[in-house]
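structure.txt (compact mmCIF, C-alpha atoms)
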# COMPACT_ATOMS: atom_id res chain seq x y z
CA MET A 13 32.37 5.02 -15.77
CA LYS A 14 33.11 8.68 -15.18
CA TYR A 15 32.67 8.43 -11.41
CA ALA A 16 34.21 5.98 -8.93
CA TYR A 17 30.98 4.29 -7.88
CA SER A 18 31.22 1.58 -5.25
CA PRO A 19 31.86 -1.90 -6.71
CA LYS A 20 29.16 -3.11 -4.30
CA LEU A 21 26.56 -1.31 -6.45
CA ARG A 22 25.32 -1.96 -9.95
CA PRO A 23 26.15 1.07 -12.15
CA PRO A 24 23.38 3.65 -12.40
CA ASP A 25 21.53 4.38 -15.59
CA ARG A 26 23.18 7.15 -17.55
CA ALA A 27 21.69 10.53 -16.69
CA ILE A 28 19.32 11.82 -19.35
CA ASP A 29 18.38 15.48 -19.39
CA VAL A 30 14.64 15.91 -19.09
CA ASP A 31 12.89 19.23 -19.62
CA MET A 32 10.39 19.19 -16.77
CA GLU A 33 8.80 22.37 -18.12
CA LYS A 34 7.42 20.54 -21.16
CA PRO A 35 4.14 18.90 -20.10
CA ALA A 36 4.16 16.45 -23.01
CA VAL A 37 7.60 15.15 -22.00
CA VAL A 38 6.58 14.76 -18.36
CA ARG A 39 3.35 12.97 -19.29
CA MET A 40 5.32 10.56 -21.49
CA MET A 41 7.73 9.84 -18.60
CA LYS A 42 4.79 9.28 -16.29
CA ALA A 43 3.15 6.85 -18.73
CA MET A 44 6.40 4.91 -19.15
CA CYS A 45 6.83 4.76 -15.40
CA ARG A 46 3.31 3.46 -14.82
CA ALA A 47 3.74 0.88 -17.58
CA LYS A 48 6.77 -0.55 -15.77
CA GLN A 49 5.29 -0.17 -12.34
CA ARG A 50 4.60 -3.39 -10.47
CA GLU A 51 3.05 -3.87 -7.08
CA LEU A 52 4.93 -5.98 -4.59
CA SER A 53 4.09 -9.62 -5.21
CA PRO A 54 2.34 -11.51 -2.41
CA GLU A 55 5.24 -13.96 -2.33
CA TRP A 56 7.83 -11.17 -1.99
CA MET A 57 5.85 -9.59 0.84
CA LYS A 58 5.26 -12.93 2.58
CA GLN A 59 8.97 -13.68 2.55
CA ARG A 60 9.64 -10.34 4.21
CA GLY A 61 6.79 -10.54 6.70
CA VAL A 62 4.79 -7.55 5.46
CA LYS A 63 1.58 -6.76 3.64
CA LEU A 64 0.23 -3.83 1.65
CA GLU A 65 -3.22 -2.26 1.88
CA ARG A 66 -4.74 0.68 0.05
CA THR A 67 -7.02 3.39 1.33
CA GLU A 68 -7.41 7.16 0.82
CA TYR A 69 -7.58 10.42 2.73
CA PRO A 70 -9.10 13.87 2.05
CA GLY A 71 -6.97 16.59 0.50
CA LEU A 72 -7.33 20.16 1.74
CA ASP A 73 -9.59 20.85 -1.26
CA GLY A 74 -11.76 17.79 -0.56
CA GLU A 75 -10.25 15.56 -3.27
CA ARG A 76 -9.60 11.96 -2.22
CA ILE A 77 -5.88 11.16 -2.25
CA PRO A 78 -4.80 7.50 -2.61
CA LEU A 79 -2.77 6.17 0.31
CA VAL A 80 -0.60 3.04 0.50
CA VAL A 81 -0.10 1.47 3.93
CA ILE A 82 2.64 -1.13 4.43
CA MET A 83 2.72 -3.00 7.72
CA PRO A 84 4.06 -6.18 9.31
CA VAL A 85 2.02 -9.32 8.73
CA GLY A 86 -0.64 -9.76 11.42
CA GLU A 87 -1.51 -6.06 11.54
CA ASN A 88 -4.43 -4.40 9.83
CA ILE A 89 -5.68 -0.92 9.07
CA GLY A 90 -8.13 -0.97 11.95
CA GLY A 91 -5.59 -1.99 14.59
CA THR A 92 -3.27 -4.85 15.41
CA GLU A 93 -3.99 -8.54 15.80
CA SER A 94 -2.45 -10.51 18.63
CA GLY A 95 0.97 -11.88 17.75
CA SER A 96 1.76 -9.20 15.16
CA GLY A 97 5.03 -7.40 14.68
CA CYS A 98 4.07 -4.30 16.64
CA SER A 99 7.16 -3.28 18.58
CA ALA A 100 5.90 -0.44 20.73
CA GLY A 101 2.88 0.51 22.76
CA ALA A 102 0.79 -1.43 25.26
CA ARG A 103 -1.62 -4.17 24.24
CA ASP A 104 -5.18 -4.53 25.39
CA GLY A 105 -7.25 -7.50 24.31
CA GLY A 106 -4.88 -8.18 21.44
CA MET A 107 -5.04 -4.61 20.14
CA CYS A 108 -1.97 -2.38 19.90
CA GLY A 109 -2.19 0.63 22.20
CA GLY A 110 -0.03 2.73 19.92
CA CYS A 111 2.55 1.50 17.40
CA PRO A 112 4.98 3.96 15.79
CA GLY A 113 4.20 5.15 12.29
CA MET A 114 6.04 6.73 9.39
CA ILE A 115 4.88 9.08 6.65
CA TYR A 116 7.03 8.28 3.60
CA LEU A 117 7.12 11.00 0.91
CA HIS A 118 8.40 9.44 -2.31
CA GLY A 119 10.69 10.95 -4.90
CA GLY A 120 10.24 11.30 -8.65
CA ALA A 121 10.86 14.98 -9.43
CA PHE A 122 7.34 15.85 -8.21
CA ALA A 123 6.08 14.31 -11.46
CA LEU A 124 6.39 10.52 -11.24
CA PRO A 125 4.14 8.18 -9.26
CA VAL A 126 5.25 5.94 -6.41
CA GLN A 127 7.96 3.57 -7.65
CA GLN A 128 8.29 -0.07 -6.70
CA SER A 129 11.66 0.73 -5.10
CA ALA A 130 9.92 3.04 -2.61
CA LEU A 131 7.42 0.30 -1.74
CA GLU A 132 10.28 -2.14 -1.22
CA LEU A 133 12.16 0.26 1.07
CA ALA A 134 8.99 0.96 3.05
CA ALA A 135 8.52 -2.78 3.46
CA VAL A 136 12.05 -3.13 4.84
CA TYR A 137 11.41 -0.39 7.41
CA ALA A 138 7.99 -1.74 8.39
CA LYS A 139 9.42 -5.16 9.14
CA ALA A 140 12.66 -4.01 10.76
CA LEU A 141 10.93 -1.56 13.11
CA GLY A 142 7.48 -3.09 13.52
CA ILE A 143 5.82 0.10 12.28
CA LYS A 144 3.14 1.11 9.79
CA VAL A 145 4.37 3.12 6.82
CA PHE A 146 2.01 5.53 5.05
CA ILE A 147 2.87 6.53 1.46
CA PRO A 148 0.61 9.22 -0.02
CA GLU A 149 0.16 9.18 -3.77
CA TYR A 150 0.13 12.96 -3.83
CA ARG A 151 -0.92 14.76 -6.98
CA LEU A 152 1.81 15.43 -9.53
CA LEU A 153 3.27 17.92 -11.98
CA PRO A 154 2.32 19.10 -14.57
CA GLU A 155 -1.40 18.63 -13.92
CA TYR A 156 -1.08 20.15 -10.43
CA SER A 157 1.06 22.90 -8.94
CA GLY A 158 3.88 22.60 -6.44
CA GLU A 159 1.64 24.25 -3.87
CA THR A 160 -1.04 21.56 -4.38
CA ILE A 161 1.59 18.84 -3.92
CA ARG A 162 2.75 20.46 -0.67
CA GLU A 163 -0.84 20.73 0.54
CA ASP A 164 -1.49 17.03 -0.18
CA CYS A 165 1.38 16.16 2.17
CA LEU A 166 0.12 18.58 4.82
CA ALA A 167 -3.38 17.12 4.47
CA LEU A 168 -2.06 13.64 5.29
CA TRP A 169 -0.32 14.92 8.41
CA ASN A 170 -3.47 16.77 9.51
CA TRP A 171 -5.71 13.77 8.86
CA LEU A 172 -3.45 11.08 10.28
CA VAL A 173 -1.77 12.91 13.17
CA SER A 174 -3.46 16.20 14.07
CA ASN A 175 -7.03 14.91 13.67
CA GLY A 176 -6.29 11.59 15.38
CA ASN A 177 -7.14 9.23 12.51
CA GLY A 178 -3.85 7.48 13.13
CA GLN A 179 -5.39 5.97 16.24
CA THR A 180 -7.87 4.07 14.07
CA PHE A 181 -4.84 2.55 12.34
CA GLY A 182 -3.37 1.45 15.66
CA VAL A 183 -0.72 4.18 15.45
CA ASP A 184 0.56 6.35 18.30
CA THR A 185 0.14 9.80 16.76
CA ASN A 186 2.83 11.18 19.08
CA ASN A 187 5.34 8.73 17.62
CA VAL A 188 5.33 9.36 13.87
CA LEU A 189 8.47 9.72 11.75
CA LEU A 190 8.65 11.81 8.58
CA TYR A 191 10.76 10.38 5.74
CA GLY A 192 11.48 11.96 2.38
CA GLU A 193 13.67 10.88 -0.52
CA SER A 194 14.85 13.19 -3.33
CA ALA A 195 11.85 15.43 -4.20
CA GLY A 196 10.11 13.83 -1.22
CA GLY A 197 12.94 15.24 0.90
CA THR A 198 11.97 18.71 -0.30
CA LEU A 199 8.40 18.03 0.79
CA ALA A 200 9.38 16.49 4.14
CA ALA A 201 11.66 19.38 5.11
CA GLY A 202 9.10 21.95 3.95
CA LEU A 203 6.31 20.22 5.86
CA THR A 204 8.42 20.22 9.03
CA LEU A 205 9.03 23.96 8.65
CA TRP A 206 5.30 24.57 8.14
CA LEU A 207 4.33 22.51 11.19
CA ARG A 208 6.93 24.30 13.30
CA ASP A 209 5.79 27.74 12.15
CA LYS A 210 2.09 26.97 12.64
CA GLY A 211 2.50 25.13 15.95
CA GLU A 212 0.75 22.02 14.58
CA GLY A 213 2.99 19.40 16.18
CA MET A 214 6.25 17.91 14.91
CA PRO A 215 7.40 14.51 13.69
CA LYS A 216 9.27 12.37 16.19
CA GLY A 217 12.17 12.40 13.80
CA LEU A 218 13.00 13.53 10.26
CA LEU A 219 14.92 11.53 7.64
CA LEU A 220 16.05 13.22 4.43
CA ILE A 221 17.53 10.85 1.84
CA TYR A 222 19.41 12.47 -1.09
CA PRO A 223 17.05 15.47 -0.70
CA ALA A 224 16.62 18.41 -3.06
CA LEU A 225 16.68 21.48 -0.81
CA ASP A 226 17.71 24.51 -2.87
CA ASP A 227 16.28 25.67 -6.18
CA GLY A 228 17.88 26.52 -9.48
CA ASP A 229 21.48 26.74 -10.65
CA GLU A 230 21.69 30.48 -10.23
CA GLY A 231 21.98 32.54 -7.06
CA THR A 232 22.47 30.35 -4.00
CA GLY A 233 22.49 27.22 -6.11
CA SER A 234 25.72 28.21 -7.89
CA ARG A 235 27.78 27.84 -4.72
CA TYR A 236 27.39 24.06 -4.56
CA ALA A 237 30.46 22.44 -6.13
CA SER A 238 28.67 19.09 -6.43
CA ARG A 239 26.33 20.58 -9.02
CA THR A 240 29.32 21.04 -11.32
CA PHE A 241 31.38 17.99 -10.35
CA TYR A 242 28.53 15.49 -10.80
CA GLU A 243 26.29 17.19 -13.34
CA GLU A 244 26.26 14.03 -15.48
CA ALA A 245 25.71 11.57 -12.65
CA ALA A 246 22.44 9.71 -12.01
CA TRP A 247 20.37 12.93 -11.68
CA SER A 248 21.58 15.69 -13.98
CA ALA A 249 21.97 19.36 -13.11
CA ARG A 250 19.93 20.42 -16.13
CA SER A 251 17.00 18.18 -15.21
CA ASN A 252 17.22 19.47 -11.63
CA ALA A 253 17.02 23.11 -12.73
CA SER A 254 13.98 22.51 -14.95
CA MET A 255 12.30 20.51 -12.16
CA TRP A 256 12.58 23.42 -9.77
CA ARG A 257 11.23 25.91 -12.30
CA ALA A 258 8.21 23.68 -12.98
CA PHE A 259 7.65 23.04 -9.26
CA LEU A 260 7.80 26.72 -8.28
CA LYS A 261 5.79 28.10 -11.21
CA GLY A 262 3.03 30.36 -9.91
CA THR A 263 4.00 29.92 -6.24
CA PRO A 264 2.99 32.89 -4.04
CA GLU A 265 6.10 34.50 -2.58
CA GLU A 266 4.93 33.95 1.00
CA GLN A 267 4.71 30.17 0.39
CA ARG A 268 8.06 29.82 -1.37
CA LYS A 269 10.01 29.20 1.87
CA TYR A 270 8.00 26.01 2.41
CA LEU A 271 8.77 24.74 -1.10
CA VAL A 272 12.48 25.66 -0.98
CA PRO A 273 13.61 24.61 2.51
CA MET A 274 17.08 26.16 2.20
CA GLY A 275 15.39 29.52 1.64
CA HIS A 276 13.58 29.55 4.99
CA PRO A 277 15.28 32.12 7.28
CA ASP A 278 14.81 30.04 10.44
CA VAL A 279 15.48 26.30 10.69
CA SER A 280 15.49 26.04 14.48
CA GLY A 281 13.23 23.76 16.51
CA PHE A 282 13.54 20.61 14.37
CA SER A 283 13.21 17.13 15.84
CA MET A 284 16.15 14.74 15.64
CA THR A 285 17.21 14.65 11.98
CA TYR A 286 19.16 12.24 9.79
CA ILE A 287 20.40 13.55 6.43
CA GLU A 288 21.93 11.18 3.91
CA PRO A 289 23.62 12.75 0.87
CA GLN A 290 25.22 10.52 -1.75
CA GLU A 291 28.85 11.03 -2.74
CA PHE A 292 28.29 11.28 -6.51
CA ASP A 293 25.17 13.44 -6.60
CA ILE A 294 24.60 17.04 -7.60
CA LEU A 295 22.42 17.41 -4.48
CA ARG A 296 25.19 16.35 -2.08
CA ASP A 297 26.52 19.75 -1.02
CA GLU A 298 23.17 21.41 -0.40
CA ALA A 299 22.13 18.48 1.80
CA VAL A 300 25.34 18.81 3.80
CA GLU A 301 24.87 22.55 4.17
CA PHE A 302 21.26 22.18 5.26
CA GLY A 303 22.37 19.70 7.90
CA ARG A 304 24.97 22.15 9.17
CA LYS A 305 22.34 24.87 9.37
CA LEU A 306 20.14 22.59 11.46
CA ALA A 307 23.03 21.70 13.76
CA ASP A 308 23.98 25.38 14.15
CA ALA A 309 20.35 26.08 15.09
CA GLY A 310 20.49 23.47 17.86
CA THR A 311 19.03 20.39 16.18
CA SER A 312 20.50 16.96 16.83
CA CYS A 313 21.42 16.21 13.22
CA ARG A 314 23.55 13.44 11.73
CA ILE A 315 24.91 13.98 8.21
CA ASN A 316 25.91 10.64 6.68
CA VAL A 317 27.49 10.90 3.22
CA ILE A 318 27.57 7.40 1.69
CA SER A 319 30.88 6.79 -0.10
CA GLY A 320 30.64 5.51 -3.65
CA SER A 321 26.88 6.04 -3.85
CA TYR A 322 24.70 7.88 -6.33
CA HIS A 323 21.18 9.32 -6.48
CA SER A 324 18.57 6.57 -5.92
CA PHE A 325 21.31 3.97 -5.31
CA ASP A 326 19.06 2.25 -2.75
CA ALA A 327 16.87 0.80 -5.49
CA ASP A 328 19.61 -1.85 -5.72
CA LEU A 329 18.11 -3.67 -2.77
CA ASP A 330 20.23 -6.80 -3.13
CA SER A 331 23.46 -4.83 -2.87
CA GLU A 332 25.59 -5.44 0.22
CA LEU A 333 26.19 -1.69 0.52
CA VAL A 334 22.47 -0.91 0.33
CA GLN A 335 21.72 -3.47 3.00
CA GLU A 336 24.37 -1.93 5.26
CA VAL A 337 22.91 1.55 4.72
CA LEU A 338 19.34 0.38 5.39
CA GLU A 339 20.47 -1.03 8.71
CA GLU A 340 22.09 2.33 9.53
CA ARG A 341 18.85 4.12 8.67
CA SER A 342 16.87 1.69 10.79
CA ASP A 343 19.21 2.29 13.73
CA GLU A 344 18.64 6.05 13.39
CA MET A 345 14.88 5.49 13.39
CA ARG A 346 15.12 3.37 16.54
CA LYS A 347 16.95 6.22 18.27
CA MET A 348 14.28 8.68 17.18
CA LEU A 349 11.50 6.40 18.38
CA GLY A 350 13.28 5.45 21.58
CA THR A 351 12.99 1.71 20.83

Would you give me this structure, written as structure tokens?
Amino acid sequence: MKYAYSPKLRPPDRAIDVDMEKPAVVRMMKAMCRAKQRELSPEWMKQRGVKLERTEYPGLDGERIPLVVIMPVGENIGGTESGSGCSAGARDGGMCGGCPGMIYLHGGAFALPVQQSALELAAVYAKALGIKVFIPEYRLLPEYSGETIREDCLALWNWLVSNGNGQTFGVDTNNVLLYGESAGGTLAAGLTLWLRDKGEGMPKGLLLIYPALDDGDEGTGSRYASRTFYEEAAWSARSNASMWRAFLKGTPEEQRKYLVPMGHPDVSGFSMTYIEPQEFDILRDEAVEFGRKLADAGTSCRINVISGSYHSFDADLDSELVQEVLEERSDEMRKMLGT
């Protein structure tokens, strides 16, 4: 191996350069991904004390967006049954008066659907924290623009939190975390900036896991040493550059700062934030720098670089290192939620 990955992890797949600007290539990747995609088995979920339900919500353009909800066993979409895993909020007649929730924005270069690894991680968080986790299956490149993808994430926040629909799920809409991994980290940070700018409420806490936060390999992107040091690690620099070009194609200039979080001139006013870069990842240095910008602007921000890790390392759920990191993440969420 070229990089000194932790022996507690299985080695990552070799990075393969993918031209995200070629629709036929992206569609082929998407088809391969869906062919391998499996839903969590009932037995797997039962062993971990969770269940999965599917629903949908309205996009800003009226389209119905699929939504996955993962929750502890004993809870349901319409509320919470007595004896469930709800860890917060008062109970009245067996119903939860307001459990915490999480919006989980998945990765996949803005082009791939929700992976089983994301469902598994959401299940871990739902059980560990007694919360309901909402995973939007937002629309994807190349059929839809980066701006449409951003709007699908905003639409979920508006529908679930701002418009009070979270209460019908037994969720305290004042106690919702925002979580984003990889490309989902781009979306989570951008959504937080939008909400802050528009005065539309803020998440209780923000978690950015190996996030992509700055576009391209030119200009500001060229100053990140990790893009050169780890360009052949689990997510390649060339794939990253083409992803950003595809994602930003046709974006109005005034909206660009919400699609490229590092480009926003003001990052003040964030809720408590946890940023987790991976040691051997081209995205490491921009994540660290974004965290420093948040801290300089007055945000309580923890930057936790995981030694020996790589992009998407947490798909190795049986790894001792991954289990240690998931407990760290859960502890950060408990601090954010005050539980």

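Closest approach to Ile28 of chain A among A:Leu141, A:Cys111, A:Ala246, A:Leu64 is made by A:Ala246 (distances from all atoms listed in the file).
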
Next on the checklist: With distances taken over all atoms listed in the file, which residue among A:Glu68, A:Ala140, A:Phe259, A:Arg296 lies nearest Leu152 of chain A?
Outcome noted: A:Phe259

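All polymer residues at most 8 Å from (5.7, 25.2, -5.9), using only C-alpha atoms, appear as Ser157, Gly158, Glu159, Thr160, Ile161, Arg162, Ala258, Phe259, Leu260, Lys261, Gly262, Thr263, Arg268 and Leu271 of chain A.
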
Next, the residues of the selection above should be written as a CSV table (one decimal), in the coordinates of the input with C-alpha atoms.
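The resulting file, part03.csv, is reproduced below:
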chain,number,residue,atom,x,y,z
A,157,SER,CA,1.1,22.9,-8.9
A,158,GLY,CA,3.9,22.6,-6.4
A,159,GLU,CA,1.6,24.2,-3.9
A,160,THR,CA,-1.0,21.6,-4.4
A,161,ILE,CA,1.6,18.8,-3.9
A,162,ARG,CA,2.8,20.5,-0.7
A,258,ALA,CA,8.2,23.7,-13.0
A,259,PHE,CA,7.6,23.0,-9.3
A,260,LEU,CA,7.8,26.7,-8.3
A,261,LYS,CA,5.8,28.1,-11.2
A,262,GLY,CA,3.0,30.4,-9.9
A,263,THR,CA,4.0,29.9,-6.2
A,268,ARG,CA,8.1,29.8,-1.4
A,271,LEU,CA,8.8,24.7,-1.1

Near segment 312-333 of chain A, 12 Å: segment 122-202 of chain A residue rows, closest pairs, all atoms listed in the file, as a tab-separated table:
residue	atom	partner	partner_atom	distance
A:Gln127	CA	A:Ala327	CA	9.6
A:Gln128	CA	A:Ala327	CA	8.7
A:Ser129	CA	A:Ala327	CA	5.2
A:Ala130	CA	A:Ala327	CA	7.8
A:Leu131	CA	A:Ala327	CA	10.2
A:Glu132	CA	A:Leu329	CA	8.1
A:Leu133	CA	A:Ala327	CA	8.1
A:Ala134	CA	A:Ala327	CA	11.6
A:Ala135	CA	A:Leu329	CA	11.5
A:Val136	CA	A:Leu329	CA	9.7
A:Glu193	CA	A:Ser324	CA	8.5
A:Ser194	CA	A:Ser324	CA	8.0
A:Ala195	CA	A:Ser324	CA	11.3

Please write out, as AutoDock Vina command-line options, where the centre of an axis-aligned box around all listed atoms of segment 36-54 of chain A lies and how long its edges are, in Å to one decimal, after adding 4 Å on each side.
--center_x 5.0 --center_y 2.5 --center_z -12.7 --size_x 13.4 --size_y 36.0 --size_z 28.6
